[in-house]
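Enquirer: A single structure is presented below for examination.
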2 protein chains.
Amino acid sequence: MPHDRDVQVHLLPDLAPPGWLTGGLAVVIDVLRSTTTMIHALAAGCTAVRPCLEVDEARELAGKMPAGKVLLGGERGGVPPPGFDLGNSPSEYTAKVCCGAMLVLTTTNGSRACFRAAEAERVLVAGFVNYSAVCEQLRLDHRPVHMICAGTDGEISLEDTLLAGALVDFLCDVWDVRLNDSARLAWDCFENHGQVLLGAMQVGKGGMHLQRLGLAEDIQAAAQIDQFNLVPELRRDPLRVEVGSVGMVKSRWPKLK
Amino acid sequence: MPHDRDVQVHLLPDLAPPGWLTGGLAVVIDVLRSTTTMIHALAAGCTAVRPCLEVDEARELAGKMPAGKVLLGGERGGVPPPGFDLGNSPSEYTAKVCCGAMLVLTTTNGSRACFRAAEAERVLVAGFVNYSAVCEQLRLDHRPVHMICAGTDGEISLEDTLLAGALVDFLCDVWDVRLNDSARLAWDCFENHGQVLLGAMQVGKGGMHLQRLGLAEDIQAAAQIDQFNLVPELRRDPLRVEVGSVGMVKSRWPKLK
């Protein structure tokens, strides 16, 4: 077993100090909903996702692209800004809508996590919906791992921490790891909630907010373990997310063993 | 059972947004070591603790007080700054040293947590060493609860989260509570580590650092559940910590039941 691989969880993007991720492998996590939505969009045929921090920036970028080849998606306060083609619900991103289009996406928490993670050498995008495929990439890579949890409006979120913990749990099986304190907390969260995934996601702040908006089905969608076998990766110049790897992988979800 | 009491954990002082604590009951937690040390110092006869953010500020404040009636204590990087009377080890604060003296204390993480918590209406100081006494005060009070974890040099710490989780566990027994996501994470941490308290404290970043400094016995000291039955409270004008309540209380540590 290879030994002493650093595995660090950052429960919010700002909790990773500047320079900390350099040379590492980052995993961006925003379960409700932006990383789940990115995975859905790419699986449905979007060519790439261009994350944007601001609504106006997203509008401007989309405006420069050829009509019919671009989708403008995202949310503020959980709902799509005026004039957007799509919101941030995974189910909106169907093959019919997505095929061959570039998605310009701006979300409250997930976009920030993507930009923060860009400091790392390699950046993967994770959800429960591609859990085992992400595990496979983590297994094959040798760099220190940094999981960047997006959180909810500046607050640490239960569901992001839970997925980080599930990935820590996997890494502890295949590597001799050195965990930071937040990775241990995430692991604890997974130990306690991994068997009641949907319930945990419904009770957190983000899940409660979605239920109030009538978007409870988005939580269901985000809880579909291993629905997809692709791993989106961040590419640069310009910063974008594309399908990085795809293929059948062994199921790594521990509670199904 | 009284219902719907808000119980929020803030895993670092800066994670509580400005204004958030107003009207509430805050609990300051810096297990390794400053809140543990404050409890020891007050139990040993210090009249009060004056927390200071900066070393120079602490020196200046202590310099203005009558000699023989003041102790200058604290740490930077875990060790006492030059010219300080005492460091931040609980065992240094004996009755012989402390009796009748004002303690001016500056620590890297705990002092910031105290100042952040001062926004609340009432502020308690907690360690494992006065766990059940703090539980009793939380039970009798009716305000929303905010636990302010000091962390370690800007990072979330396992041992502070663990104590916050132990207090959440108690509150869930006596109140119908509304938890934020971080309170759930803290509770998870307690569920997993509450039975192996010392081991958990040794493996976190703060505990590892103390062991490297040869201060492993401070971890042992901080893990002495219910060694004291006093609860320090923050007083104002000037900001200081004094004994707020004292008395025999029922043991509330769940793993000993």
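Note on naming: chains are A, B, ... as they come in the structure tokens, residues start from 1 per chain, ligands start from 1 in the order shown.
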Taking only C-alpha atoms into account and nothing else, which residues of chain A lie no more than 12 Å away from chain B? Please answer as number ranges by chain.

Expert: A: 8-12, 14-17, 151-162, 165, 178-194, 200-208

Enquirer: Excluding Phe128 (chain A) and residues on its chain fewer than 2 positions from it, collect all residues at most 9 Å away from it, counting only C-alpha atoms, and give them as a ChimeraX atom specification.

Expert: /A:31,36,126,130-132,163,222-227

Enquirer: Could you work out how far CA of Gly110 (chain A) lies from CA of Leu239 (chain A), giving the answer in Å with one decimal?

Expert: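 Interatomic distance, CA of Leu239 (chain A) to CA of Gly110 (chain A): 14.2 Å.
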
Enquirer: Please provide the set of residues having any atom within 10 Å of Cys114 (chain B), restricted to only C-alpha atoms, with same-chain residues fewer than 6 positions apart removed, written as a list of chain:residue names.

Expert: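 Returned residues: B:Pro13, B:Ala26, B:Val27, B:Val28, B:Ile29, B:Asp30, B:Thr35, B:Pro51, B:Cys52, B:Leu53, B:Val123, B:Leu124, B:Val125, B:Ile148, B:Cys149, B:Ala150, B:Leu234, B:Leu239, B:Arg240, B:Val241.
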
Enquirer: Taking the DSSP secondary structure from the backbone, can you list the residues of region 28-160 of chain A that are strand (DSSP E), as a PyMOL selection string?

Expert: chain A and resi 28-29+48-51+70-74+102-106+122-126+145-149

Enquirer: Would you kindly return, as a PyMOL selection string, each protein, DNA or RNA residue with an atom no farther than 6 Å from any atom of Glu242 (chain A), considering only C-alpha atoms and excluding same-chain residues fewer than 3 positions away?

Expert: chain A and resi 48+232-233

Enquirer: Using N, CA and C atoms, can you write the selected residues to a file as a short mmCIF file (atom, residue, chain, number, x, y, z; two decimals), in the first residue's frame?

Expert:
```cif
data_model
loop_
_atom_site.label_atom_id
_atom_site.label_comp_id
_atom_site.auth_asym_id
_atom_site.auth_seq_id
_atom_site.Cartn_x
_atom_site.Cartn_y
_atom_site.Cartn_z
N ALA A 48 -18.91 21.48 -22.94
CA ALA A 48 -18.12 21.96 -21.80
C ALA A 48 -19.00 22.87 -20.95
N PRO A 232 -15.92 14.84 -14.69
CA PRO A 232 -15.55 16.12 -15.31
C PRO A 232 -14.24 16.63 -14.71
N GLU A 233 -13.44 17.29 -15.57
CA GLU A 233 -12.18 17.89 -15.10
C GLU A 233 -12.09 19.34 -15.55
#
```

Enquirer: So, counting only C-alpha atoms, which residue among B:Phe84, B:Trp175, B:Phe115, B:Trp253 is closest to Val70 (chain B)?

Expert: B:Phe84

Enquirer: Among region 23-131 of chain A, which residues does DSSP mark as alpha helix (DSSP H) when it is run on the backbone? Keep the chain and numbering as in the structure and answer as a VMD selection string.

Expert: chain A and resid 34 to 43 55 to 63 95 to 98 110 to 117 131

Enquirer: I'd like the contact shell of His40 (chain A) - 8 Å cut-off, only C-alpha atoms, skipping same-chain residues fewer than 6 positions apart - returned as a ChimeraX atom specification.

Expert: /A:90-91,93-94

Enquirer: Please write the residues from the selection above to a file, keeping N, CA, C and O atoms, as a PDB file, in the first residue's frame.

Expert:
```pdb
ATOM      1  N   PRO A  90     -30.706  19.570 -11.923  1.00  0.00           N
ATOM      2  CA  PRO A  90     -30.091  18.562 -12.797  1.00  0.00           C
ATOM      3  C   PRO A  90     -31.042  18.051 -13.885  1.00  0.00           C
ATOM      4  O   PRO A  90     -30.619  17.838 -15.032  1.00  0.00           O
ATOM      5  N   SER A  91     -32.323  17.914 -13.532  1.00  0.00           N
ATOM      6  CA  SER A  91     -33.276  17.310 -14.480  1.00  0.00           C
ATOM      7  C   SER A  91     -33.569  18.197 -15.692  1.00  0.00           C
ATOM      8  O   SER A  91     -34.083  17.712 -16.705  1.00  0.00           O
ATOM      9  N   TYR A  93     -31.361  19.442 -17.510  1.00  0.00           N
ATOM     10  CA  TYR A  93     -30.271  19.253 -18.474  1.00  0.00           C
ATOM     11  C   TYR A  93     -30.425  17.918 -19.211  1.00  0.00           C
ATOM     12  O   TYR A  93     -29.702  16.963 -18.954  1.00  0.00           O
ATOM     13  N   THR A  94     -31.374  17.904 -20.126  1.00  0.00           N
ATOM     14  CA  THR A  94     -31.671  16.694 -20.904  1.00  0.00           C
ATOM     15  C   THR A  94     -30.823  16.666 -22.175  1.00  0.00           C
ATOM     16  O   THR A  94     -30.272  17.685 -22.599  1.00  0.00           O
TER      17      THR A  94
END
```

Enquirer: When you draw a straight line from CA of Arg76 (chain A) to CA of Gln220 (chain A), how long is it in Å?

Expert: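 Separation of CA of Arg76 (chain A) and CA of Gln220 (chain A): 20.8 Å.
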
Enquirer: Which distance in Å separates CA of Ser111 (chain B) and CA of Ile219 (chain B), to one decimal?

Expert: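 One can read the CA of Ser111 (chain B) to CA of Ile219 (chain B) distance as 19.1 Å.
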
Enquirer: Between A:Cys135, A:Leu140, A:Asp4, A:Arg33, which residue has the minimum interatomic distance to Ala216 (chain A), considering only C-alpha atoms?

Expert: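 Closest to Ala216 (chain A) of all the choices is A:Arg33.
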
Enquirer: Any idea what's packed within 12 Å of Cys99 (chain A), counting only C-alpha atoms, ignoring anything in its chain fewer than 6 positions away? Could you give it as a PyMOL selection string?

Expert: chain A and resi 40-48+68-71+93

Enquirer: Rank A:Asp169, A:Asp176, A:Thr106, A:Ser245 by their smallest atom-to-atom distance to His142 (chain A), using only C-alpha atoms, and report the top residue only.

Expert: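 Closest to His142 (chain A) of all the choices is A:Asp176.
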
Enquirer: Using only C-alpha atoms, find the one residue out of B:Leu25, B:Val7, B:Met38, B:Ala117 that sits nearest to Phe170 (chain B).

Expert: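 Distance minimum relative to Phe170 (chain B) lands on B:Val7.
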